[in-house]
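**Q** One file: model-v8.txt (compact mmCIF, C-alpha atoms).
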# COMPACT_ATOMS: atom_id res chain seq x y z
CA MET S 1 40.90 -301.17 12.23
CA LEU S 2 38.91 -303.17 9.70
CA SER S 3 40.54 -306.42 8.59
CA ILE S 4 39.50 -309.62 6.85
CA THR S 5 40.29 -313.19 7.87
CA ASP S 6 41.68 -315.70 5.39
CA THR S 7 38.43 -317.67 5.62
CA ASP S 8 36.26 -314.63 4.88
CA PHE S 9 38.51 -313.52 2.04
CA GLN S 10 38.23 -316.96 0.47
CA LYS S 11 34.45 -316.65 0.61
CA ILE S 12 34.67 -313.22 -1.02
CA GLN S 13 36.93 -314.74 -3.71
CA ASN S 14 34.38 -317.48 -4.37
CA ILE S 15 31.44 -315.09 -4.58
CA MET S 16 33.29 -312.79 -6.99
CA TYR S 17 34.44 -315.72 -9.13
CA ASN S 18 30.99 -317.28 -9.33
CA GLN S 19 29.34 -313.97 -10.22
CA THR S 20 31.86 -312.55 -12.70
CA GLY S 21 34.56 -315.12 -13.48
CA VAL S 22 37.15 -312.78 -11.95
CA PHE S 23 39.48 -314.43 -9.43
CA LEU S 24 40.73 -312.07 -6.75
CA LYS S 25 44.32 -312.94 -5.92
CA ASP S 26 45.43 -312.94 -2.30
CA ALA S 27 47.27 -309.68 -2.97
CA LYS S 28 43.86 -308.02 -3.47
CA LYS S 29 42.92 -308.25 0.22
CA ASN S 30 43.69 -304.60 0.90
CA LEU S 31 41.77 -303.55 -2.22
CA VAL S 32 38.69 -305.47 -1.04
CA ILE S 33 38.90 -303.84 2.40
CA ALA S 34 39.32 -300.36 0.89
CA ARG S 35 36.49 -300.75 -1.64
CA LEU S 36 34.01 -302.16 0.90
CA ARG S 37 34.92 -300.31 4.10
CA ARG S 38 32.33 -297.55 3.67
CA ARG S 39 29.66 -300.05 2.66
CA LEU S 40 30.13 -302.05 5.85
CA GLU S 41 29.81 -298.82 7.83
CA GLU S 42 26.60 -297.93 5.99
CA LEU S 43 25.16 -301.35 6.82
CA GLY S 44 26.24 -301.14 10.48
CA LEU S 45 28.58 -304.12 10.12
CA ASP S 46 31.95 -304.33 11.85
CA ASP S 47 33.35 -307.44 10.16
CA PHE S 48 33.26 -309.26 6.82
CA SER S 49 31.55 -312.34 8.26
CA GLY S 50 28.39 -310.27 8.70
CA TYR S 51 28.76 -308.78 5.24
CA ILE S 52 29.14 -312.21 3.65
CA ARG S 53 25.93 -313.36 5.32
CA PHE S 54 24.29 -310.24 3.89
CA LEU S 55 25.66 -311.05 0.41
CA GLU S 56 24.31 -314.59 0.63
CA ASP S 57 20.83 -313.33 1.55
CA VAL S 58 19.06 -313.38 -1.82
CA SER S 59 16.54 -310.82 -0.61
CA SER S 60 19.22 -308.17 0.06
CA ASN S 61 20.11 -307.36 -3.60
CA GLU S 62 23.62 -306.64 -2.36
CA LEU S 63 25.45 -308.57 -5.08
CA GLU S 64 25.09 -305.72 -7.59
CA PHE S 65 26.68 -303.23 -5.19
CA PHE S 66 29.44 -305.72 -4.37
CA VAL S 67 30.34 -306.32 -8.03
CA ASN S 68 30.22 -302.58 -8.76
CA ALA S 69 32.58 -301.87 -5.86
CA ILE S 70 35.17 -304.51 -6.70
CA THR S 71 35.42 -304.30 -10.49
CA THR S 72 38.14 -302.04 -11.88
CA ASN S 73 37.22 -299.50 -14.58
CA GLU S 74 40.23 -297.38 -15.56
CA THR S 75 39.94 -296.21 -19.16
CA TYR S 76 40.14 -293.18 -21.47
CA PHE S 77 39.33 -292.18 -25.04
CA PHE S 78 41.33 -293.93 -27.78
CA ARG S 79 43.24 -296.07 -25.32
CA HIS S 80 45.90 -298.03 -27.28
CA THR S 81 45.63 -295.63 -30.22
CA GLU S 82 47.48 -298.03 -32.53
CA GLN S 83 44.54 -300.45 -32.41
CA PHE S 84 42.09 -297.74 -33.45
CA ASN S 85 44.48 -296.73 -36.26
CA TYR S 86 44.62 -300.35 -37.48
CA LEU S 87 40.82 -300.54 -37.46
CA PHE S 88 40.52 -297.26 -39.38
CA GLU S 89 43.30 -297.81 -41.90
CA LYS S 90 43.12 -301.56 -42.57
CA LEU S 91 40.06 -303.36 -41.26
CA LEU S 92 37.22 -300.96 -42.03
CA PRO S 93 38.29 -300.46 -45.68
CA ALA S 94 38.48 -304.23 -46.17
CA LEU S 95 35.16 -304.71 -44.38
CA VAL S 96 33.39 -302.09 -46.51
CA GLU S 97 34.79 -303.65 -49.68
CA GLU S 98 33.52 -307.10 -48.65
CA LYS S 99 30.11 -305.83 -47.57
CA SER S 100 29.73 -303.90 -50.82
CA ARG S 101 30.39 -307.11 -52.73
CA LEU S 102 27.64 -308.83 -50.69
CA SER S 103 25.27 -305.84 -51.00
CA GLN S 104 25.34 -305.32 -47.22
CA ARG S 105 25.33 -301.78 -45.83
CA GLU S 106 25.77 -301.99 -42.05
CA VAL S 107 28.83 -302.45 -39.84
CA LYS S 108 28.08 -303.78 -36.35
CA ILE S 109 30.49 -303.38 -33.44
CA TRP S 110 30.37 -304.64 -29.85
CA SER S 111 32.34 -302.97 -27.07
CA ALA S 112 32.20 -305.67 -24.41
CA ALA S 113 33.18 -304.60 -20.89
CA CYS S 114 32.81 -300.98 -22.00
CA SER S 115 33.32 -299.46 -18.54
CA THR S 116 32.34 -295.76 -18.43
CA GLY S 117 31.89 -295.50 -22.18
CA GLU S 118 35.11 -294.00 -23.50
CA GLU S 119 35.79 -297.03 -25.70
CA PRO S 120 32.41 -297.23 -27.50
CA TYR S 121 32.30 -293.46 -27.94
CA SER S 122 35.83 -293.60 -29.38
CA LEU S 123 34.58 -296.25 -31.82
CA SER S 124 31.63 -294.04 -32.73
CA ILE S 125 33.93 -291.08 -33.42
CA LEU S 126 36.21 -293.29 -35.52
CA CYS S 127 33.24 -294.57 -37.54
CA HIS S 128 31.92 -291.03 -38.08
CA GLU S 129 35.32 -290.06 -39.46
CA PHE S 130 35.55 -293.14 -41.67
CA PHE S 131 32.04 -293.25 -43.06
CA LYS S 132 31.91 -289.57 -43.99
CA LYS S 133 34.12 -290.69 -46.88
CA ASN S 134 32.25 -293.97 -47.43
CA HIS S 135 28.68 -292.91 -48.04
CA GLY S 136 25.76 -295.30 -48.07
CA PHE S 137 26.91 -297.28 -45.05
CA ARG S 138 25.56 -297.15 -41.52
CA PHE S 139 27.08 -298.41 -38.29
CA SER S 140 25.84 -299.41 -34.86
CA ILE S 141 27.68 -300.01 -31.61
CA LEU S 142 26.52 -302.17 -28.72
CA ALA S 143 28.28 -301.38 -25.44
CA SER S 144 27.97 -303.61 -22.40
CA ASP S 145 29.32 -304.01 -18.89
CA ILE S 146 28.45 -305.95 -15.75
CA ASN S 147 28.90 -302.86 -13.56
CA SER S 148 25.66 -300.86 -13.39
CA LYS S 149 27.34 -297.76 -11.92
CA VAL S 150 29.79 -297.33 -14.78
CA LEU S 151 26.95 -297.82 -17.27
CA GLU S 152 25.11 -294.93 -15.63
CA GLN S 153 28.09 -292.66 -16.27
CA ALA S 154 28.47 -294.04 -19.80
CA VAL S 155 24.88 -293.07 -20.64
CA THR S 156 25.38 -289.64 -19.04
CA ALA S 157 28.62 -289.30 -21.05
CA GLN S 158 30.39 -286.80 -18.78
CA TYR S 159 34.13 -287.08 -18.30
CA SER S 160 37.18 -285.30 -16.93
CA GLU S 161 39.92 -283.67 -19.00
CA ARG S 162 42.15 -286.63 -18.17
CA SER S 163 39.97 -288.90 -20.32
CA LEU S 164 40.94 -286.87 -23.41
CA ARG S 165 44.71 -287.30 -23.05
CA GLU S 166 45.00 -289.33 -26.30
CA VAL S 167 42.52 -287.17 -28.26
CA SER S 168 43.86 -284.84 -30.94
CA ALA S 169 42.94 -281.15 -30.90
CA GLU S 170 41.04 -281.68 -34.17
CA LEU S 171 38.84 -284.46 -32.78
CA ASP S 172 38.39 -282.59 -29.50
CA ALA S 173 37.01 -279.56 -31.33
CA LYS S 174 34.77 -281.64 -33.58
CA TYR S 175 33.27 -284.23 -31.23
CA PHE S 176 33.53 -282.96 -27.65
CA VAL S 177 31.80 -280.23 -25.66
CA HIS S 178 33.54 -278.51 -22.76
CA LEU S 179 30.78 -277.79 -20.27
CA PRO S 180 30.45 -274.55 -18.27
CA PRO S 181 30.72 -274.90 -14.47
CA ASP S 182 26.95 -274.83 -13.96
CA ARG S 183 26.53 -277.95 -16.14
CA ALA S 184 29.58 -279.90 -14.95
CA ARG S 185 29.41 -282.25 -11.97
CA ARG S 186 32.25 -283.39 -9.70
CA GLY S 187 34.93 -282.35 -12.16
CA LEU S 188 33.24 -284.10 -15.08
CA ASP S 189 33.18 -281.16 -17.47
CA ILE S 190 33.56 -282.90 -20.85
CA THR S 191 30.85 -284.61 -22.91
CA VAL S 192 30.49 -285.97 -26.44
CA ILE S 193 28.17 -284.49 -29.02
CA ASP S 194 24.76 -286.07 -29.62
CA ALA S 195 25.77 -287.42 -33.03
CA VAL S 196 28.37 -289.62 -31.30
CA LYS S 197 25.90 -290.82 -28.68
CA LYS S 198 23.10 -291.79 -31.03
CA ASN S 199 24.99 -294.72 -32.59
CA VAL S 200 25.78 -296.34 -29.22
CA ARG S 201 23.37 -298.57 -27.28
CA PHE S 202 24.26 -299.55 -23.69
CA VAL S 203 23.12 -302.76 -21.99
CA ALA S 204 24.01 -304.60 -18.79
CA HIS S 205 25.67 -307.92 -19.61
CA ASN S 206 27.63 -310.61 -17.77
CA LEU S 207 30.34 -312.07 -20.01
CA LEU S 208 29.82 -315.49 -18.42
CA LYS S 209 26.46 -315.61 -20.22
CA PRO S 210 25.66 -315.60 -23.97
CA MET S 211 24.76 -312.41 -25.79
CA ALA S 212 21.90 -314.10 -27.60
CA GLY S 213 20.82 -313.23 -31.11
CA GLU S 214 23.57 -310.73 -31.92
CA LYS S 215 26.29 -310.95 -34.58
CA PHE S 216 29.09 -308.42 -35.00
CA ASP S 217 31.82 -307.55 -37.47
CA ILE S 218 34.13 -306.12 -34.80
CA ILE S 219 34.26 -306.98 -31.09
CA PHE S 220 36.43 -305.18 -28.54
CA LEU S 221 37.11 -307.27 -25.41
CA ARG S 222 40.08 -305.43 -23.97
CA ASN S 223 41.65 -305.54 -20.51
CA VAL S 224 39.18 -308.19 -19.32
CA ILE S 225 40.45 -311.72 -19.89
CA ILE S 226 43.63 -310.86 -18.01
CA TYR S 227 41.53 -311.19 -14.84
CA PHE S 228 40.21 -314.67 -15.73
CA ASP S 229 41.70 -318.08 -15.03
CA LYS S 230 42.22 -320.36 -18.04
CA GLN S 231 38.87 -322.15 -17.70
CA THR S 232 36.86 -318.93 -17.50
CA LYS S 233 38.88 -317.33 -20.28
CA GLN S 234 38.10 -320.32 -22.53
CA HIS S 235 34.40 -320.08 -21.71
CA VAL S 236 34.15 -316.31 -22.27
CA VAL S 237 36.14 -316.27 -25.53
CA ASN S 238 34.07 -319.16 -26.92
CA LEU S 239 30.89 -317.19 -26.19
CA ILE S 240 32.34 -314.06 -27.79
CA GLU S 241 33.44 -316.07 -30.82
CA ASN S 242 29.83 -317.19 -31.33
CA ASN S 243 28.82 -313.53 -31.70
CA LEU S 244 31.47 -312.79 -34.33
CA ASN S 245 30.61 -312.92 -38.03
CA GLN S 246 32.79 -314.96 -40.35
CA GLY S 247 35.69 -312.72 -41.28
CA GLY S 248 35.06 -310.58 -38.21
CA HIS S 249 37.79 -309.39 -35.87
CA LEU S 250 38.26 -309.56 -32.10
CA PHE S 251 40.39 -306.94 -30.36
CA ILE S 252 41.93 -307.71 -26.97
CA SER S 253 44.50 -305.57 -25.18
CA LEU S 254 48.16 -305.57 -26.19
CA SER S 255 49.05 -307.24 -22.89
CA GLU S 256 46.64 -310.14 -23.47
CA SER S 257 46.83 -313.27 -25.64
CA LEU S 258 44.69 -316.24 -26.68
CA MET S 259 47.69 -318.54 -27.05
CA ASP S 260 46.79 -320.66 -24.01
CA ILE S 261 43.23 -321.56 -25.10
CA LYS S 262 41.55 -323.25 -28.06
CA THR S 263 39.54 -321.06 -30.44
CA GLY S 264 38.56 -320.84 -34.09
CA LEU S 265 40.24 -317.44 -34.28
CA ASN S 266 43.41 -316.74 -36.25
CA TYR S 267 46.14 -314.44 -34.96
CA CYS S 268 46.50 -311.28 -37.07
CA LYS S 269 48.75 -309.05 -35.01
CA PRO S 270 49.26 -308.32 -31.28
CA GLY S 271 45.81 -307.89 -29.75
CA VAL S 272 43.86 -308.71 -32.95
CA TYR S 273 42.31 -312.03 -34.03
CA CYS S 274 40.14 -312.95 -37.03
CA LYS S 275 37.35 -315.52 -37.44
CA LYS S 276 38.01 -317.23 -40.76
If you took the structure in this file and wrote it as structure tokens, what would it be?
**A**
Amino acid sequence: MLSITDTDFQKIQNIMYNQTGVFLKDAKKNLVIARLRRRLEELGLDDFSGYIRFLEDVSSNELEFFVNAITTNETYFFRHTEQFNYLFEKLLPALVEEKSRLSQREVKIWSAACSTGEEPYSLSILCHEFFKKNHGFRFSILASDINSKVLEQAVTAQYSERSLREVSAELDAKYFVHLPPDRARRGLDITVIDAVKKNVRFVAHNLLKPMAGEKFDIIFLRNVIIYFDKQTKQHVVNLIENNLNQGGHLFISLSESLMDIKTGLNYCKPGVYCKK
């Protein structure tokens, strides 16, 4: 029966925190064991002390696998639909009006911590719907995550029916393809059309580090800062704020808040902040 000592779990906590800013609470012991059990077997290790030594060996390249295994990536298309509605009905019209006044023609969006891609593809669908009535504008979406495995799926863009549970029948018919059995893999029998994919660019990115040289009108950073302590949250949000244009908006999840840290962002509504 595989177990982990308090000392080894503390080392795992420290490694995860230093690499990602995520602090694993003591209650996550069983999750760590479950997520890494098979990996220890593959490496021929029977305890976490040996695995930690392997992690600390810079020549092993194990850190990427470790981060991929531990990070959580539950998502689906148009998650928290009310936030997408607010973007479509309120923010994009105001943004287009302002950019028209400044003779600017591009809207730039960043889906930070994009997981398997449902969020940035949802944003692409929303923009396709919006800009078909607002001609002359273009949009681009940068999507990033620290987990290389979920980025692989995001680029492949194949999903299960469950990922479409908040998608209307109209949008399903217009923007999704239901794959025949010979093209599906492991129950992933849904994909998005090429027009949705072409506006999304995926990159690997650690939120503890700057996204240099990029400015955005809209940034989605949802269901991420809830895993950070106050110090890391302050650091990450300050970095994100640097990438936001004046007048731009940051979306976090409805269960998150920036009330406990100092920023130059103004509260708009639950889960939405503006850089004035």
**Q** Point out the residue among S:Tyr273, S:Phe137, S:Phe9, S:Phe84 with the least atom-to-atom distance to Glu166 (chain S), counting all atoms listed in the file.
**A**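 Closest to Glu166 (chain S), using all atoms listed in the file: S:Phe84.
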**Q** So how far away is CA of Ile70 (chain S) from CA of Leu31 (chain S), in Å?
**A**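 If I compute the distance from CA of Leu31 (chain S) to CA of Ile70 (chain S), I get 8.0 Å.
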**Q** Name all residues at most 12 Å from Gln234 (chain S) (count all atoms listed in the file; drop same-chain ones fewer than 6 positions away) and give them as a list of chain:residue names.
**A**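 The filter keeps S:Gly21, S:Leu207, S:Leu208, S:Ile225, S:Ile226, S:Phe228, S:Ile240, S:Glu241, S:Ser257, S:Leu258, S:Met259, S:Asp260, S:Ile261, S:Lys262, S:Thr263, S:Gly264.
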**Q** From the list S:Leu254, S:Ile12, S:Met211, S:Val224, which residue is nearest Glu74 (chain S) when using only C-alpha atoms?
**A**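 Answer, going by the shortest atom-to-atom distance: S:Val224.
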**Q** Skip region 128-130 of chain S itself and residues of its chain fewer than 5 positions away, then list as an MDAnalysis selection string all residues within 9 Å of it, counting only C-alpha atoms.
**A** chainID S and resid 88 92:93 123 139 195:196
**Q** How would the residues just chosen look if you wrote them out with C-alpha atoms as an mmCIF file, in the coordinates of the input?
**A**
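File produced: again.cif:
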data_model
loop_
_atom_site.group_PDB
_atom_site.id
_atom_site.type_symbol
_atom_site.label_atom_id
_atom_site.label_comp_id
_atom_site.auth_asym_id
_atom_site.auth_seq_id
_atom_site.Cartn_x
_atom_site.Cartn_y
_atom_site.Cartn_z
ATOM 1 C CA PHE S 88 40.520 -297.260 -39.380
ATOM 2 C CA LEU S 92 37.220 -300.960 -42.030
ATOM 3 C CA PRO S 93 38.290 -300.460 -45.680
ATOM 4 C CA LEU S 123 34.580 -296.250 -31.820
ATOM 5 C CA PHE S 139 27.080 -298.410 -38.290
ATOM 6 C CA ALA S 195 25.770 -287.420 -33.030
ATOM 7 C CA VAL S 196 28.370 -289.620 -31.300
#
